[in-house]
Amino acid sequence: MRENRLRTLWQQNKYAINGWLAIPNGFSAEVMAHQGWDTLTIDMQHGVIDYAQMVAMLQAISTTPTVPIVRVPWLEPGGIMKALDAGAYGIICPMVNTREDAQRLVSYAHYAPQGSRSFGPVRANLYGGPDYAQKANDTIVAFAMIETKQALDNLDAILSVEGLDAIYIGPSDLSLALGCRPVFDDVDPPVAQAIEHILARAKAHGVRAGVHNGVPEVARRRAAMGFDFVTLSSDARILIATSQQLLAAMK
């Protein structure tokens, strides 16, 4: 089966630099993948990407060594299983709030006997290889998003679920849940404390930790804190920022 380079980086005690894809287009995904990101996440939760566009984007990413990840819309078996069948090597699942939620995520992302994933890896066989069925459970990475007060209250219970590979912090939703401004980087003190707490508890449980960032300085600082997976900006934000810089230089 094709190597999941995200797991390899973690085994080497390195963090992964993750890019974010919000533009529903195979060519833009291909352009991003050829820039050298360790992983790219297709965002199906927010934005305008549909399933067919996601498949084309996964195909585009597969022209490179970049690891394809999908943030699914919700904790729902059909969406998780279809993203995996299309060739995603990682799943980021929003709003995992309880131990039972985390158990469901792990179950949906794994074949029996570890889980309840239905068998039908239509494109995953092409991407992963003919032994996909035998090795998928040990290759796919399942991230549970921690972004609510309820998830914070249940953090240790969530992190103790067997088969949960990683957690992913959405600073904006976490900020709203704690009554703060919804930002990625310059978070308010209660959110900064919560982020540090989540990271520490993840380390204690042997679970990998990821976080969303807007600028390189913050991503580097969080990687130095011990985060294993740092997202930096998105294709849409890069397009906006670079366009603004070019126009400002001309004006």
# chains A, B, ... in the order shown; residues from 1 in each chain; ligands from 1
>>> residues_around(residues="Gly226 in chain A", least_positions_apart="3", cutoff="8 Å", atoms="only C-alpha atoms", output="PyMOL selection string")
chain A and resi 199+222-223
>>> residues_around(residues="Arg104 in chain A", least_positions_apart="3", cutoff="10 Å", atoms="only C-alpha atoms", output="PyMOL selection string")
chain A and resi 75-77+96+98-101+107-109+115-116+161
>>> residues_around(residues="Tyr15 in chain A", least_positions_apart="6", cutoff="9 Å", atoms="only C-alpha atoms", output="MDAnalysis selection string")
chainID A and resid 6 9 223 226:230
>>> write_last_selection(atoms="C-alpha atoms", output="PDB file, in the first residue's frame")
ATOM      1  CA  LEU A   6       2.076  11.919   7.498  1.00  0.00           C
ATOM      2  CA  LEU A   9       6.861  12.259   9.548  1.00  0.00           C
ATOM      3  CA  ALA A 223       5.128  23.715  16.104  1.00  0.00           C
ATOM      4  CA  GLY A 226       4.887  20.527  20.238  1.00  0.00           C
ATOM      5  CA  PHE A 227       2.072  20.469  17.690  1.00  0.00           C
ATOM      6  CA  ASP A 228       2.489  17.647  15.181  1.00  0.00           C
ATOM      7  CA  PHE A 229       0.374  19.127  12.376  1.00  0.00           C
ATOM      8  CA  VAL A 230       0.176  22.840  11.598  1.00  0.00           C
TER       9      VAL A 230
END
>>> residues_around(residues="Arg208 in chain A", least_positions_apart="2", cutoff="12 Å", atoms="only C-alpha atoms", output="VMD selection string")
chain A and resid 6 to 7 9 to 11 13 to 16 141 to 145 159 163 to 169 198 to 206 210 to 211 223 226 to 230
>>> residues_around(residues="range 19-22 of chain A", least_positions_apart="4", cutoff="7 Å", atoms="only C-alpha atoms", output="number ranges by chain")
A: 29, 37, 39-43, 47, 231-236
>>> write_last_selection(atoms="C-alpha atoms", output="mmCIF file, in the first residue's frame")
data_model
loop_
_atom_site.group_PDB
_atom_site.id
_atom_site.type_symbol
_atom_site.label_atom_id
_atom_site.label_comp_id
_atom_site.auth_asym_id
_atom_site.auth_seq_id
_atom_site.Cartn_x
_atom_site.Cartn_y
_atom_site.Cartn_z
ATOM 1 C CA ALA A 29 -5.412 21.689 -6.074
ATOM 2 C CA TRP A 37 3.123 20.822 1.196
ATOM 3 C CA THR A 39 -0.371 17.399 3.415
ATOM 4 C CA LEU A 40 -3.330 19.203 1.843
ATOM 5 C CA THR A 41 -6.799 19.244 3.372
ATOM 6 C CA ILE A 42 -9.884 19.578 1.196
ATOM 7 C CA ASP A 43 -12.518 21.434 3.211
ATOM 8 C CA GLY A 47 -17.223 26.653 1.560
ATOM 9 C CA THR A 231 -2.157 24.237 8.981
ATOM 10 C CA LEU A 232 -1.040 27.407 7.244
ATOM 11 C CA SER A 233 -3.545 29.580 5.423
ATOM 12 C CA SER A 234 -5.561 28.312 2.429
ATOM 13 C CA ASP A 235 -5.538 28.561 -1.348
ATOM 14 C CA ALA A 236 -8.244 31.245 -1.249
#
>>> residues_around(residues="range 173-185 of chain A", least_positions_apart="5", cutoff="7 Å", atoms="only C-alpha atoms", output="list in words")
Glu147, Thr148, Lys149, Val191, His212, Asn213, Gly214 and Val218 of chain A
>>> residues_around(residues="Gly79 in chain A", least_positions_apart="6", cutoff="12 Å", atoms="only C-alpha atoms", output="list of chain:residue names")
A:Met44, A:Gln45, A:Asp50, A:Tyr51, A:Met54, A:Val70, A:Arg71, A:Val72, A:Pro73, A:Asp85, A:Ala86, A:Ala88, A:Ile91, A:Ile92, A:Cys93, A:Leu105, A:Tyr108, A:Ala109, A:Arg117, A:Ser118
>>> closest_residue(among="A:Ile140, A:Val48, A:Val215, A:Ala83", to="Ile238 in chain A", atoms="only C-alpha atoms")
A:Val215
>>> select_by_dssp(residues="range 64-220 of chain A", states="strand (DSSP E or B)", output="list of chain:residue names")
A:Val67, A:Pro68, A:Ile69, A:Val70, A:Arg71, A:Gly90, A:Ile91, A:Ile92, A:Cys93, A:Val141, A:Ala142, A:Phe143, A:Ala144, A:Met145, A:Ile146, A:Ala166, A:Ile167, A:Tyr168, A:Ile169, A:Arg208, A:Ala209, A:Gly210, A:Val211, A:His212, A:Asn213
>>> write_last_selection(atoms="C-alpha atoms", output="tab-separated table (two decimals), in the first residue's frame")
chain	number	residue	atom	x	y	z
A	67	VAL	CA	-0.83	13.41	1.50
A	68	PRO	CA	-4.55	14.01	0.76
A	69	ILE	CA	-6.82	14.77	3.72
A	70	VAL	CA	-10.51	15.67	3.78
A	71	ARG	CA	-12.35	17.64	6.41
A	90	GLY	CA	-6.81	11.29	6.53
A	91	ILE	CA	-10.16	12.48	7.88
A	92	ILE	CA	-10.67	15.61	9.98
A	93	CYS	CA	-14.07	15.43	11.65
A	141	VAL	CA	-5.37	8.92	10.06
A	142	ALA	CA	-8.49	9.99	11.98
A	143	PHE	CA	-8.53	13.51	13.49
A	144	ALA	CA	-11.23	14.60	15.95
A	145	MET	CA	-11.79	18.35	16.05
A	146	ILE	CA	-11.79	19.86	19.53
A	166	ALA	CA	-5.05	12.81	16.40
A	167	ILE	CA	-7.03	15.82	17.46
A	168	TYR	CA	-7.33	19.09	15.56
A	169	ILE	CA	-8.01	22.46	17.14
A	208	ARG	CA	-1.09	13.64	17.87
A	209	ALA	CA	-2.20	17.27	17.89
A	210	GLY	CA	-2.95	19.64	15.02
A	211	VAL	CA	-4.03	23.26	14.91
A	212	HIS	CA	-5.26	25.81	12.38
A	213	ASN	CA	-3.12	28.93	11.82
>>> atom_distance(atom1="CA of Asn4 in chain A", atom2="CA of Thr139 in chain A")
6.1 Å
>>> closest_residue(among="A:Gln103, A:Asn125, A:Thr64, A:Asn137", to="Ser160 in chain A", atoms="only C-alpha atoms")
A:Gln103
>>> select_by_dssp(residues="range 126-197 of chain A", states="helix (DSSP H, G or I)", output="number ranges by chain")
A: 126-128, 132-139, 149-153, 155-159, 171-177, 189-197
>>> atom_distance(atom1="CA of Ser243 in chain A", atom2="CA of Pro216 in chain A")
18.3 Å
>>> closest_residue(among="A:Ala241, A:Ile158, A:Ile23, A:Met32", to="Val207 in chain A", atoms="only C-alpha atoms")
A:Ile158
